[in-house]
>>> print(open('run_11.txt').read())   # compact mmCIF, C-alpha atoms
# COMPACT_ATOMS: atom_id res chain seq x y z
CA MET A 1 40.37 -32.13 45.74
CA ASN A 2 38.55 -33.71 42.78
CA TRP A 3 39.32 -31.74 39.59
CA SER A 4 37.55 -34.05 37.19
CA ARG A 5 34.27 -32.83 35.68
CA THR A 6 31.05 -34.65 36.30
CA GLN A 7 29.24 -36.25 33.36
CA GLN A 8 26.50 -33.58 33.57
CA GLN A 9 29.06 -30.74 33.42
CA LYS A 10 30.72 -32.35 30.38
CA GLU A 11 27.36 -32.69 28.64
CA ILE A 12 26.53 -29.04 29.37
CA LEU A 13 29.81 -27.87 27.84
CA GLN A 14 29.34 -30.09 24.78
CA GLY A 15 25.71 -29.07 24.37
CA LYS A 16 24.56 -32.68 24.58
CA ASN A 17 22.32 -32.17 27.57
CA LYS A 18 19.23 -30.59 26.07
CA ASN A 19 17.57 -29.93 29.40
CA THR A 20 20.35 -27.84 30.87
CA PRO A 21 21.40 -24.40 29.70
CA GLY A 22 25.05 -23.94 28.85
CA PRO A 23 27.34 -22.13 26.40
CA SER A 24 26.73 -24.67 23.63
CA ASN A 25 22.98 -24.59 24.13
CA GLU A 26 22.96 -20.78 23.95
CA LYS A 27 25.02 -21.04 20.79
CA ASN A 28 22.52 -23.48 19.30
CA THR A 29 19.64 -21.18 20.23
CA TYR A 30 21.33 -18.20 18.60
CA LEU A 31 22.07 -20.30 15.51
CA ALA A 32 18.45 -21.45 15.34
CA ILE A 33 17.09 -17.89 15.64
CA ASN A 34 19.46 -16.67 12.91
CA ALA A 35 18.57 -19.59 10.65
CA ILE A 36 14.81 -19.05 11.10
CA PHE A 37 15.05 -15.33 10.30
CA ALA A 38 17.28 -16.05 7.29
CA GLY A 39 14.67 -18.54 6.10
CA ILE A 40 11.83 -16.03 6.54
CA ILE A 41 13.72 -13.35 4.58
CA ILE A 42 14.47 -15.85 1.80
CA LEU A 43 10.73 -16.66 1.71
CA VAL A 44 9.96 -12.93 1.33
CA PHE A 45 12.34 -12.76 -1.62
CA ILE A 46 10.85 -15.90 -3.18
CA TYR A 47 7.36 -14.38 -2.77
CA SER A 48 8.53 -11.19 -4.49
CA GLY A 49 10.19 -13.09 -7.30
CA PHE A 50 7.34 -15.56 -7.81
CA PHE A 51 4.47 -13.12 -8.29
CA CYS A 52 4.40 -10.99 -11.40
CA PRO A 53 4.05 -7.21 -10.93
CA GLU A 54 2.45 -6.75 -14.37
CA LYS A 55 -0.32 -9.24 -13.58
CA ASN A 56 -0.72 -7.83 -10.05
CA ASP A 57 -1.78 -11.26 -8.75
CA TYR A 58 -0.49 -10.85 -5.20
CA PRO A 59 -2.51 -12.72 -2.61
CA LEU A 60 -2.03 -10.00 0.02
CA GLU A 61 -4.04 -6.83 -0.51
CA CYS A 62 -3.67 -3.51 1.29
CA ILE A 63 -6.06 -3.64 4.26
CA HIS A 64 -5.58 0.08 4.85
CA GLU A 65 -6.76 0.97 1.34
CA LYS A 66 -9.68 -1.44 1.59
CA ILE A 67 -10.95 0.24 4.76
CA THR A 68 -10.14 3.89 4.16
CA GLY A 69 -10.12 3.96 0.36
CA GLN A 70 -6.87 5.88 0.48
CA PRO A 71 -3.42 4.50 -0.34
CA CYS A 72 -0.87 4.16 2.47
CA PRO A 73 2.93 4.65 2.36
CA SER A 74 3.51 0.91 1.96
CA CYS A 75 1.17 0.50 -1.02
CA GLY A 76 3.02 -0.94 -3.99
CA LEU A 77 5.75 -2.43 -1.80
CA SER A 78 5.22 -5.98 -3.15
CA ARG A 79 5.35 -4.78 -6.75
CA SER A 80 8.39 -2.67 -5.93
CA PHE A 81 10.13 -5.73 -4.41
CA SER A 82 9.23 -7.78 -7.49
CA PHE A 83 10.74 -5.19 -9.81
CA ILE A 84 13.90 -5.02 -7.65
CA MET A 85 14.15 -8.82 -7.84
CA ARG A 86 13.97 -8.46 -11.63
CA GLY A 87 16.65 -5.74 -11.59
CA ASP A 88 14.35 -2.86 -12.58
CA ILE A 89 15.17 -0.34 -9.86
CA SER A 90 13.66 2.77 -11.50
CA THR A 91 10.24 1.11 -12.03
CA ALA A 92 10.45 -0.26 -8.48
CA ALA A 93 10.91 3.29 -7.17
CA SER A 94 7.89 4.47 -9.15
CA TYR A 95 5.67 1.90 -7.41
CA ASN A 96 6.91 2.68 -3.91
CA GLU A 97 9.52 5.28 -3.09
CA TYR A 98 10.57 3.45 0.11
CA GLY A 99 10.67 0.04 -1.58
CA LEU A 100 14.40 0.02 -2.25
CA ARG A 101 15.22 1.09 1.31
CA VAL A 102 13.05 -1.63 2.86
CA PHE A 103 14.43 -4.18 0.40
CA LEU A 104 17.99 -3.23 1.35
CA PHE A 105 17.09 -3.69 5.02
CA PHE A 106 15.91 -7.25 4.36
CA LEU A 107 18.96 -7.96 2.19
CA PHE A 108 21.27 -6.59 4.89
CA GLN A 109 19.51 -8.68 7.52
CA LEU A 110 19.88 -11.79 5.36
CA VAL A 111 23.61 -11.15 4.98
CA MET A 112 23.88 -10.53 8.74
CA ARG A 113 22.03 -13.73 9.64
CA LEU A 114 24.07 -15.87 7.25
CA SER A 115 27.40 -14.32 8.29
CA ASN A 116 26.46 -14.80 11.96
CA ILE A 117 25.75 -18.47 11.33
CA VAL A 118 29.07 -18.95 9.54
CA TYR A 119 30.97 -16.96 12.18
CA ILE A 120 29.48 -18.87 15.12
CA LEU A 121 30.10 -22.23 13.50
CA ARG A 122 33.72 -21.48 12.61
CA LYS A 123 35.02 -19.50 15.58
CA PRO A 124 34.43 -19.54 19.32
CA VAL A 125 32.58 -16.29 20.06
CA HIS A 126 31.51 -14.18 22.99
CA LEU A 127 27.85 -14.78 22.44
CA LYS A 128 26.58 -12.09 24.81
CA GLU A 129 28.59 -9.32 23.14
CA LEU A 130 27.66 -10.57 19.67
CA THR A 131 23.96 -10.63 20.58
CA ILE A 132 24.08 -7.05 21.91
CA ILE A 133 25.93 -5.75 18.81
CA ASP A 134 23.64 -7.71 16.47
CA SER A 135 20.45 -6.48 18.15
CA SER A 136 21.66 -2.86 18.17
CA ILE A 137 22.55 -2.94 14.46
CA ALA A 138 19.21 -4.61 13.64
CA ILE A 139 17.21 -1.99 15.58
CA ILE A 140 19.12 0.96 14.02
CA THR A 141 18.77 -0.38 10.46
CA PHE A 142 15.09 -1.15 11.09
CA ILE A 143 14.44 2.42 12.22
CA LEU A 144 16.37 3.80 9.24
CA ALA A 145 14.48 1.63 6.76
CA PHE A 146 11.01 2.02 8.25
CA ARG A 147 11.23 5.63 9.46
CA GLN A 148 8.64 6.91 6.97
CA PHE A 149 6.18 4.36 8.30
CA PHE A 150 6.92 5.47 11.89
CA VAL A 151 6.19 9.06 10.84
CA TYR A 152 2.97 7.94 9.16
CA TYR A 153 1.81 6.18 12.32
CA LEU A 154 2.64 9.23 14.43
CA LYS A 155 0.62 11.40 12.04
CA LEU A 156 -2.31 9.00 12.30
CA LEU A 157 -2.31 9.12 16.06
CA PHE A 158 -1.62 12.81 16.70
CA MET B 1 26.81 -25.27 46.07
CA GLU B 2 26.19 -26.10 42.45
CA GLU B 3 22.91 -24.80 41.10
CA ASN B 4 21.20 -27.27 38.84
CA LYS B 5 19.32 -25.15 36.29
CA THR B 6 17.06 -26.73 33.68
CA ASN B 7 16.16 -25.72 30.16
CA THR B 8 12.37 -25.79 30.60
CA GLY B 9 10.41 -23.21 28.64
CA HIS B 10 13.37 -22.53 26.38
CA GLY B 11 11.62 -23.60 23.16
CA MET B 12 8.56 -21.53 24.03
CA GLY B 13 10.83 -18.55 24.67
CA VAL B 14 12.54 -18.88 21.28
CA ALA B 15 9.17 -19.23 19.50
CA ALA B 16 7.79 -16.20 21.39
CA LEU B 17 10.84 -14.07 20.49
CA ILE B 18 10.66 -14.97 16.80
CA MET B 19 6.90 -14.32 16.66
CA GLY B 20 7.36 -11.06 18.58
CA ILE B 21 10.07 -9.70 16.26
CA LEU B 22 8.07 -10.75 13.20
CA SER B 23 4.97 -9.07 14.62
CA ILE B 24 6.85 -5.78 15.09
CA VAL B 25 8.11 -5.83 11.49
CA VAL B 26 4.62 -6.65 10.16
CA ALA B 27 2.96 -4.07 12.45
CA PHE B 28 5.10 -1.29 11.03
CA ILE B 29 3.99 -2.00 7.45
CA PRO B 30 0.69 -0.05 7.16
CA CYS B 31 -0.74 -2.33 4.44
CA VAL B 32 -0.64 -5.46 6.59
CA GLY B 33 -0.25 -3.92 10.05
CA LEU B 34 -3.58 -5.30 11.25
CA LEU B 35 -2.37 -8.88 10.75
CA ALA B 36 0.23 -8.23 13.45
CA PHE B 37 -2.61 -8.21 15.98
CA PHE B 38 -2.94 -11.99 15.69
CA THR B 39 0.78 -12.82 15.54
CA ALA B 40 1.41 -10.51 18.51
CA ILE B 41 -1.23 -12.34 20.55
CA VAL B 42 0.46 -15.65 19.66
CA ALA B 43 3.83 -14.18 20.75
CA ILE B 44 2.36 -12.96 24.05
CA VAL B 45 0.72 -16.32 24.77
CA LEU B 46 3.91 -18.25 23.95
CA GLY B 47 5.96 -15.82 26.03
CA ALA B 48 3.63 -16.14 29.01
CA ILE B 49 3.70 -19.93 28.82
CA GLY B 50 7.50 -19.85 28.47
CA ILE B 51 7.88 -17.58 31.52
CA SER B 52 5.56 -19.68 33.66
CA GLN B 53 7.27 -22.94 32.67
CA ALA B 54 10.75 -21.49 33.17
CA SER B 55 10.00 -19.84 36.49
CA ARG B 56 8.43 -23.05 37.84
CA ALA B 57 11.59 -24.98 36.93
CA LYS B 58 13.86 -22.06 37.98
CA ALA B 59 15.22 -21.83 34.41
CA PRO B 60 16.30 -18.61 32.61
CA THR B 61 13.34 -16.54 31.35
CA GLY B 62 15.19 -14.00 29.17
CA LEU B 63 14.00 -15.22 25.78
CA ALA B 64 10.38 -15.61 26.91
CA ILE B 65 10.39 -12.09 28.40
CA GLY B 66 11.88 -10.77 25.15
CA GLY B 67 9.11 -12.47 23.19
CA LEU B 68 6.45 -11.12 25.53
CA VAL B 69 7.77 -7.54 25.32
CA THR B 70 8.13 -7.52 21.51
CA GLY B 71 4.69 -9.12 21.18
CA ALA B 72 3.15 -6.50 23.48
CA LEU B 73 4.79 -3.69 21.49
CA ALA B 74 3.48 -5.09 18.20
CA LEU B 75 0.03 -5.50 19.77
CA LEU B 76 0.04 -1.84 20.84
CA ILE B 77 0.93 -0.71 17.32
CA SER B 78 -1.78 -2.83 15.73
CA ILE B 79 -4.33 -1.68 18.33
CA ALA B 80 -3.43 1.93 17.44
CA GLN B 81 -4.21 1.06 13.83
CA ILE B 82 -7.51 -0.56 14.80
CA VAL B 83 -8.44 2.57 16.80
CA PHE B 84 -7.65 4.72 13.76
CA PHE B 85 -9.71 2.53 11.44
CA ALA B 86 -12.60 2.47 13.92
CA GLY B 87 -12.48 6.27 14.13
CA PHE B 88 -12.34 6.53 10.37
CA SER B 89 -15.34 4.27 9.82
CA LYS B 90 -17.30 6.23 12.46
CA ASN B 91 -16.43 9.50 10.71
CA PHE B 92 -17.28 7.89 7.41
CA ASP B 93 -20.80 7.15 8.69
CA VAL B 94 -21.17 10.79 9.78
CA ILE B 95 -19.84 12.02 6.41
CA GLY B 96 -22.19 9.59 4.64
CA ASP B 97 -25.22 10.89 6.57
CA ARG B 98 -24.21 14.48 5.88
CA LEU B 99 -23.79 13.75 2.18
CA GLU B 100 -27.22 12.18 2.08
CA GLU B 101 -28.69 15.29 3.71
CA VAL B 102 -26.93 17.53 1.17
CA PHE B 103 -28.23 15.45 -1.74
CA GLU B 104 -31.77 15.57 -0.33
CA ASP B 105 -31.57 19.37 0.09
CA VAL B 106 -30.31 19.86 -3.46
CA GLU B 107 -33.03 17.60 -4.84
CA LYS B 108 -35.67 19.49 -2.87
CA ASP B 109 -34.36 22.86 -4.12
CA ILE B 110 -34.39 21.70 -7.72
CA ARG B 111 -37.94 20.41 -7.38
CA GLU B 112 -39.10 23.70 -5.84
CA GLU B 113 -37.33 25.71 -8.56
CA PHE B 114 -39.04 23.78 -11.30
CA GLU B 115 -42.43 23.93 -9.59
CA THR B 116 -42.53 27.73 -9.25
CA GLY B 117 -40.30 28.43 -12.25
CA ASP B 118 -40.37 32.23 -11.69
CA PHE B 119 -37.23 34.21 -12.14
CA LYS B 120 -36.16 37.81 -11.80
CA ILE B 121 -33.01 39.32 -13.26
CA THR B 122 -31.87 42.71 -12.00
CA ILE B 123 -29.15 44.66 -13.78
CA GLN B 124 -27.99 47.80 -12.05
CA ASP B 125 -25.45 50.32 -13.31
CA GLY B 126 -25.29 53.31 -10.97
CA GLU B 127 -28.74 54.81 -10.90
CA GLU B 128 -29.97 52.89 -13.91
CA LYS B 129 -31.79 49.71 -13.06
CA ILE B 130 -33.37 47.16 -15.33
CA GLU B 131 -35.54 44.36 -14.03
CA ILE B 132 -36.60 41.42 -16.12
CA GLU B 133 -39.26 39.15 -14.72
CA GLY B 134 -40.22 35.89 -16.29
CA SER B 135 -41.45 32.42 -15.70
CA ALA B 136 -40.00 29.09 -16.71
CA ARG B 137 -43.14 27.17 -15.78
CA LYS B 138 -44.23 24.80 -18.45
CA LYS B 139 -47.85 26.01 -18.36
CA ASP B 140 -46.88 29.70 -18.70
CA LEU B 141 -44.52 28.93 -21.57
CA ARG B 142 -47.25 27.01 -23.38
CA ASP B 143 -49.74 29.84 -22.91
CA LYS B 144 -47.25 32.34 -24.31
CA LEU B 145 -46.57 30.13 -27.28
CA GLU B 146 -50.27 29.69 -27.92
CA LYS B 147 -50.74 33.44 -27.79
CA LEU B 148 -47.92 34.01 -30.23
CA GLU B 149 -48.98 31.32 -32.68
CA GLY B 150 -52.71 31.54 -32.09
CA VAL B 151 -52.93 27.76 -32.08
CA GLU B 152 -53.89 25.42 -29.29
CA LEU B 153 -51.04 23.04 -28.68
CA GLU B 154 -52.50 21.14 -25.76
CA GLN B 155 -54.20 18.41 -27.78
CA ASP B 156 -51.17 17.87 -30.02
CA THR B 157 -48.78 17.47 -27.11
CA THR B 158 -51.16 15.11 -25.29
CA ALA B 159 -51.48 12.99 -28.40
CA LYS B 160 -47.69 12.97 -28.81
CA GLY B 161 -47.29 12.01 -25.18
CA ASP B 162 -49.69 9.12 -25.65
CA THR B 163 -47.87 7.78 -28.68
CA THR B 164 -44.52 7.99 -26.95
CA GLY B 165 -46.08 6.31 -23.97
CA GLN B 166 -47.23 3.42 -26.13
CA LYS B 167 -43.77 3.01 -27.59
>>> encode(input="run_11.txt", output="structure tokens")
Amino acid sequence: MNWSRTQQQKEILQGKNKNTPGPSNEKNTYLAINAIFAGIIILVFIYSGFFCPEKNDYPLECIHEKITGQPCPSCGLSRSFSFIMRGDISTAASYNEYGLRVFLFFLFQLVMRLSNIVYILRKPVHLKELTIIDSSIAIITFILAFRQFFVYYLKLLF
Amino acid sequence: MEENKTNTGHGMGVAALIMGILSIVVAFIPCVGLLAFFTAIVAIVLGAIGISQASRAKAPTGLAIGGLVTGALALLISIAQIVFFAGFSKNFDVIGDRLEEVFEDVEKDIREEFETGDFKITIQDGEEKIEIEGSARKKDLRDKLEKLEGVELEQDTTAKGDTTGQK
């Protein structure tokens, strides 16, 4: 019986063969997804820190308010984020009462993504279990952070 | 027998999943929820391409399906918003027409009131009843004033009107 691994099997295990799925390729995919989301969240924070809430020079305007003429629950979220980035929590809350909660969700997600990257790189992990736990935590925290917006949508529809 | 699976459609699947998750987050923010319509369509297209490529090469389709599902969910949410906005703008037209009608009615009433200018005030306390009748018409008021003063004011006012007109 030949116990030696073929070259293709070795490449799969080492993640060198890009055209074949294997544990290392799945790991790389998971790393890439985490890195992209971490990058997006960092961009959100840079956007909030870059634009000045006093000048109100944000490029994105509320489409809801433009169409209906009425403010929506997420109005003032950018200014709220900007004030949080500047450490002014009370003013941030006055602009949007859910701002801090949504900001904490993004911050938590950033920490999760970065810790996942470090954890995967340093230790061999059971990727399937980690993905399930990670997704579950992300969905629960998302619902907790955005629940007022869910309620708003439900009110709109029914 | 060893199954030789390929990695075809993997990149498309990853892109679809990322776009799909982003679309859901954006869709749930009411201010920018409409923008999710476009990103969700991109996620669905990428997911569909990923699935077709992967299934042709007998490669795993999990990521592409995930992207497609999240994209479809985001699309549903943004469509719900579009339906709401469409309904609102339709109602707004109806409200606008109604407001115009109300303004026209009020204008008509005011014109009629000033044209006739007659008024009647009735004060009743038990059996006692007092009725005051009068007129607010410009012509009647001028006649009364002329009677009281014994002077014809018509010429003066016309002259005044002319001078103001010239100014």
>>> residues_around(input="run_11.txt", residues="stretch 67-82 of chain A", least_positions_apart="4", cutoff="10 Å", atoms="all atoms listed in the file", output="ChimeraX atom specification")
/A:44-58,60-63,86-100,102-103,146,148-149,152 /B:28-32,84-86,88-89,92
>>> interface_residues(input="run_11.txt", of="chain B", to="chain A", cutoff="10 Å", atoms="all atoms listed in the file", output="number ranges by chain")
B: 4-11, 14-15, 17-18, 21-22, 25, 27-35, 59-60, 63, 77, 80-81, 83-86, 88-89, 92
>>> residues_around(input="run_11.txt", residues="B:Met19", least_positions_apart="4", cutoff="7 Å", atoms="all atoms listed in the file", output="PyMOL selection string")
chain B and resi 15+23+39-40+43
>>> atom_distance(input="run_11.txt", atom1="atom CA of B:Val45", atom2="atom CA of A:Thr141")
28.0 Å
>>> atom_distance(input="run_11.txt", atom1="atom CA of B:Ile41", atom2="atom CA of A:Lys128")
28.1 Å
>>> atom_distance(input="run_11.txt", atom1="atom CA of A:Ala145", atom2="atom CA of A:Met112")
15.5 Å
>>> closest_residue(input="run_11.txt", among="A:Ser136, A:Ser115, A:Ser24, A:Gln109", to="A:Ile41", atoms="all atoms listed in the file")
A:Gln109
>>> closest_residue(input="run_11.txt", among="A:Ile139, A:Leu110, A:Ile84, A:Leu144", to="A:Ala38", atoms="only C-alpha atoms")
A:Leu110
